[in-house]
Structures are given as C-alpha cells and as structure tokens.
Amino acid sequence: MRAVPAPKVWVTGLTAGAIAAVAVLAVQADKGTKPRAAAARPSASASAGAHAGATKPKAPAAVPDGSGTGRRIVYSLSRKTVWLVDASDAARRTFAVWPGTVSPAPGTYTVGTRAAGPLTGSDGVKVEHIVYFSARSGVNIAFSNAVDGSSPPPASNTATGGIRMRTADGAALWTFGTAGTKVAVVG
C-alpha cells in the first residue's frame, strides 16, 4: 500500500507553486514595454494671451444675487443656468439648461413630486430624473434630462415646461433636489 502525504504537505506544496508562478509572471511583466503618459499640451482653443503650456480653469459663475440663502436650487431664466447651492451658500455644481416654451415666474418654489422615469415628455422625448416644482398656464414645470442624453430641439406649437440638462447634471440635480428642497427662480 502506498502512503498518502499529509494535507499540510499538499497545501504547502500548492502555495509554494503559486508563489513561484506569480514571481515568474512578475519578472516577465517587468521586462515588457511600459506605458508612458503623454505630455499635456494646450489645446488649439486656448486663449492667445495664455502662457505656453498653462491654461487657467474657468471659475464657476457666482450664485445670482436675490436668490435667497441656504440649501437650494437656483434657476436663472436669462442665463439658462442652474446652481446647486449648499447650506453654506456655496455653489456645489453649476450647469447650462435648455428651457421649455413655458417658464416659471421669478420667485421661490418647493420641489414637490419627483419621478425617476423614464417617462415621455410633452415634446415626445423620453426623460428621466424629473423634479417638479411649479405649474403655469396648466403646464407642469420640471427639471429633467433626456434618457438618450440629447438636448431638446426647439419646440414647435407645443407648450412644454421641461427644463432639460445633460444626463450627469440631471442625475446630480435628482440627488440634490429631494422633496421639499427650495427652488429659487431669478430673471
């Protein structure tokens, strides 16, 4: 009868073999070519007055005066811009939006109903991250983004209250704009 090695011997042998295999692979990988990061170059659209190789990041637009205080969503009708403002009155995110044909009047509102979507907007576009905060002339007004990430074409003969944004901005507004969040609309 043949003697069977103890389980400790098997485990030790397998572990030693695995370590040896990893060491061989590591040595082979070290001999191969290594990726190198490309040097950053200023883009062709960099301003002519900028120093070569240096670009100045654009500062976020200041939160509009008269938009209140505290945690809130600020929507500027004239700038077509939204700010997500924290409790310390600092803008945490600022982004451009595409308003519908029906706009809310300047004033203070509160986020009411929300819908994750996808739903079909009054313009026929599938939307998500829908945050309702007002109604005007029988049209619900809400922030949302198109499911496919597109910006809306100009509406023709349709009353739309959707204030559209890019997908990432829609997700950020959805997370920020829970029910009861203040919405300040400024001119």
# chains A, B, ... in the order shown; residues from 1 in each chain; ligands from 1
call {"tool": "residues_around", "arguments": {"residues": "Glu128 in chain A", "least_positions_apart": "5", "cutoff": "6 Å", "atoms": "only C-alpha atoms", "output": "PyMOL selection string"}}
result
chain A and resi 116-118+144-145+147
call {"tool": "write_last_selection", "arguments": {"atoms": "C-alpha atoms", "output": "compact mmCIF listing (two decimals), in the first residue's frame"}}
result
# COMPACT_ATOMS: atom_id res chain seq x y z
CA ALA A 116 -37.30 58.65 -11.79
CA GLY A 117 -38.66 57.88 -15.25
CA PRO A 118 -38.35 57.10 -17.95
CA SER A 144 -35.25 66.61 -16.32
CA ASN A 145 -32.80 65.10 -18.77
CA VAL A 147 -32.74 59.43 -21.49
call {"tool": "residues_around", "arguments": {"residues": "Thr175 in chain A", "least_positions_apart": "2", "cutoff": "12 Å", "atoms": "only C-alpha atoms", "output": "PDB file with C-alpha atoms, in the first residue's frame"}}
result
ATOM      1  CA  ILE A  73     -31.630  75.053  -6.438  1.00  0.00           C
ATOM      2  CA  LEU A  84     -26.998  73.587  -6.763  1.00  0.00           C
ATOM      3  CA  ARG A 114     -40.376  63.573  -8.393  1.00  0.00           C
ATOM      4  CA  ALA A 115     -40.331  60.774 -10.963  1.00  0.00           C
ATOM      5  CA  ALA A 116     -37.302  58.653 -11.786  1.00  0.00           C
ATOM      6  CA  HIS A 129     -34.715  62.408 -13.226  1.00  0.00           C
ATOM      7  CA  ILE A 130     -37.877  64.535 -13.290  1.00  0.00           C
ATOM      8  CA  VAL A 131     -38.093  67.091 -10.470  1.00  0.00           C
ATOM      9  CA  ALA A 168     -24.840  63.835 -15.497  1.00  0.00           C
ATOM     10  CA  ASP A 169     -26.368  67.160 -14.454  1.00  0.00           C
ATOM     11  CA  GLY A 170     -29.829  65.568 -14.323  1.00  0.00           C
ATOM     12  CA  ALA A 171     -28.537  62.824 -12.035  1.00  0.00           C
ATOM     13  CA  ALA A 172     -26.853  65.412  -9.776  1.00  0.00           C
ATOM     14  CA  LEU A 173     -29.992  67.554  -9.591  1.00  0.00           C
ATOM     15  CA  GLY A 177     -33.418  68.085  -5.258  1.00  0.00           C
ATOM     16  CA  THR A 178     -35.323  65.896  -2.841  1.00  0.00           C
ATOM     17  CA  ALA A 179     -38.938  66.686  -1.952  1.00  0.00           C
ATOM     18  CA  THR A 181     -35.930  71.436  -1.481  1.00  0.00           C
TER      19      THR A 181
END
call {"tool": "closest_residue", "arguments": {"among": "A:Leu119, A:Ala61, A:Ala90, A:Ile141", "to": "Ala105 in chain A", "atoms": "only C-alpha atoms"}}
result
A:Ile141
call {"tool": "atom_distance", "arguments": {"atom1": "CA of Trp98 in chain A", "atom2": "CA of Arg166 in chain A"}}
result
9.3 Å
call {"tool": "closest_residue", "arguments": {"among": "A:Ala135, A:Val125, A:Val111, A:Val82", "to": "Pro153 in chain A", "atoms": "only C-alpha atoms"}}
result
A:Val125
call {"tool": "closest_residue", "arguments": {"among": "A:Arg136, A:Gly187, A:Gly180, A:Pro99", "to": "Arg71 in chain A", "atoms": "only C-alpha atoms"}}
result
A:Gly180
call {"tool": "residues_around", "arguments": {"residues": "Val74 in chain A", "least_positions_apart": "2", "cutoff": "9 Å", "atoms": "only C-alpha atoms", "output": "NGL selection string"}}
result
:A and (63-64 or 67-68 or 72 or 76 or 81-85 or 182-186)
call {"tool": "write_last_selection", "arguments": {"atoms": "N, CA and C atoms", "output": "CSV table (one decimal), in the first residue's frame"}}
result
chain,number,residue,atom,x,y,z
A,63,VAL,N,-23.3,82.6,-7.7
A,63,VAL,CA,-24.7,82.4,-7.5
A,63,VAL,C,-25.4,83.8,-7.6
A,64,PRO,N,-26.5,83.9,-8.4
A,64,PRO,CA,-27.1,85.2,-8.6
A,64,PRO,C,-27.6,85.8,-7.3
A,67,SER,N,-31.2,85.4,-4.8
A,67,SER,CA,-31.7,84.1,-5.0
A,67,SER,C,-32.0,83.4,-3.6
A,68,GLY,N,-31.9,84.2,-2.5
A,68,GLY,CA,-32.1,83.6,-1.2
A,68,GLY,C,-30.9,83.1,-0.5
A,72,ARG,N,-30.4,75.2,-1.7
A,72,ARG,CA,-31.4,75.5,-2.7
A,72,ARG,C,-30.9,75.2,-4.1
A,76,SER,N,-31.7,80.5,-13.2
A,76,SER,CA,-31.7,81.8,-13.9
A,76,SER,C,-32.3,81.7,-15.3
A,81,THR,N,-29.2,78.9,-16.7
A,81,THR,CA,-28.2,78.2,-15.9
A,81,THR,C,-28.9,77.8,-14.6
A,82,VAL,N,-28.4,76.7,-14.0
A,82,VAL,CA,-28.8,76.2,-12.7
A,82,VAL,C,-27.6,76.0,-11.8
A,83,TRP,N,-27.8,76.4,-10.5
A,83,TRP,CA,-26.8,76.2,-9.5
A,83,TRP,C,-27.4,75.3,-8.4
A,84,LEU,N,-26.6,74.4,-7.9
A,84,LEU,CA,-27.0,73.6,-6.8
A,84,LEU,C,-26.2,74.2,-5.6
A,85,VAL,N,-26.9,74.8,-4.7
A,85,VAL,CA,-26.2,75.6,-3.6
A,85,VAL,C,-26.4,74.9,-2.3
A,182,LYS,N,-35.9,73.8,-1.7
A,182,LYS,CA,-36.2,75.2,-2.2
A,182,LYS,C,-35.7,75.4,-3.6
A,183,VAL,N,-36.5,76.0,-4.5
A,183,VAL,CA,-36.1,76.3,-5.8
A,183,VAL,C,-36.3,77.8,-6.0
A,184,ALA,N,-35.2,78.5,-6.2
A,184,ALA,CA,-35.3,80.0,-6.5
A,184,ALA,C,-35.2,80.3,-7.9
A,185,VAL,N,-36.2,80.9,-8.5
A,185,VAL,CA,-36.1,81.3,-10.0
A,185,VAL,C,-35.9,82.7,-10.0
A,186,VAL,N,-34.8,83.1,-10.7
A,186,VAL,CA,-34.5,84.5,-10.9
A,186,VAL,C,-34.5,84.9,-12.4
call {"tool": "select_by_dssp", "arguments": {"residues": "range 151-184 of chain A", "states": "helix (DSSP H, G or I)", "output": "list in words"}}
result
Thr167, Ala168, Asp169, Gly170, Ala171, Ala172, Leu173, Trp174, Thr175 and Phe176 of chain A
call {"tool": "write_last_selection", "arguments": {"atoms": "N, CA and C atoms", "output": "JSON list (two decimals), in the first residue's frame"}}
result
[["chain", "number", "residue", "atom", "x", "y", "z"],
["A", 167, "THR", "N", -27.22, 64.55, -19.03],
["A", 167, "THR", "CA", -27.54, 63.40, -18.19],
["A", 167, "THR", "C", -26.86, 63.48, -16.82],
["A", 168, "ALA", "N", -25.56, 63.77, -16.78],
["A", 168, "ALA", "CA", -24.84, 63.83, -15.50],
["A", 168, "ALA", "C", -25.41, 64.94, -14.61],
["A", 169, "ASP", "N", -25.78, 66.06, -15.22],
["A", 169, "ASP", "CA", -26.37, 67.16, -14.45],
["A", 169, "ASP", "C", -27.75, 66.77, -13.94],
["A", 170, "GLY", "N", -28.51, 66.04, -14.75],
["A", 170, "GLY", "CA", -29.83, 65.57, -14.32],
["A", 170, "GLY", "C", -29.72, 64.63, -13.14],
["A", 171, "ALA", "N", -28.74, 63.74, -13.16],
["A", 171, "ALA", "CA", -28.54, 62.82, -12.04],
["A", 171, "ALA", "C", -28.14, 63.59, -10.77],
["A", 172, "ALA", "N", -27.28, 64.61, -10.93],
["A", 172, "ALA", "CA", -26.85, 65.41, -9.78],
["A", 172, "ALA", "C", -28.03, 66.20, -9.20],
["A", 173, "LEU", "N", -28.84, 66.79, -10.07],
["A", 173, "LEU", "CA", -29.99, 67.55, -9.59],
["A", 173, "LEU", "C", -31.00, 66.62, -8.91],
["A", 174, "TRP", "N", -31.19, 65.44, -9.46],
["A", 174, "TRP", "CA", -32.10, 64.45, -8.88],
["A", 174, "TRP", "C", -31.66, 64.10, -7.46],
["A", 175, "THR", "N", -30.38, 63.87, -7.27],
["A", 175, "THR", "CA", -29.86, 63.53, -5.94],
["A", 175, "THR", "C", -30.00, 64.70, -4.98],
["A", 176, "PHE", "N", -29.73, 65.91, -5.46],
["A", 176, "PHE", "CA", -29.77, 67.11, -4.63],
["A", 176, "PHE", "C", -31.20, 67.55, -4.34]]
call {"tool": "closest_residue", "arguments": {"among": "A:Ser151, A:Asn157, A:Asp65, A:Ala96", "to": "Lys80 in chain A", "atoms": "only C-alpha atoms"}}
result
A:Ala96
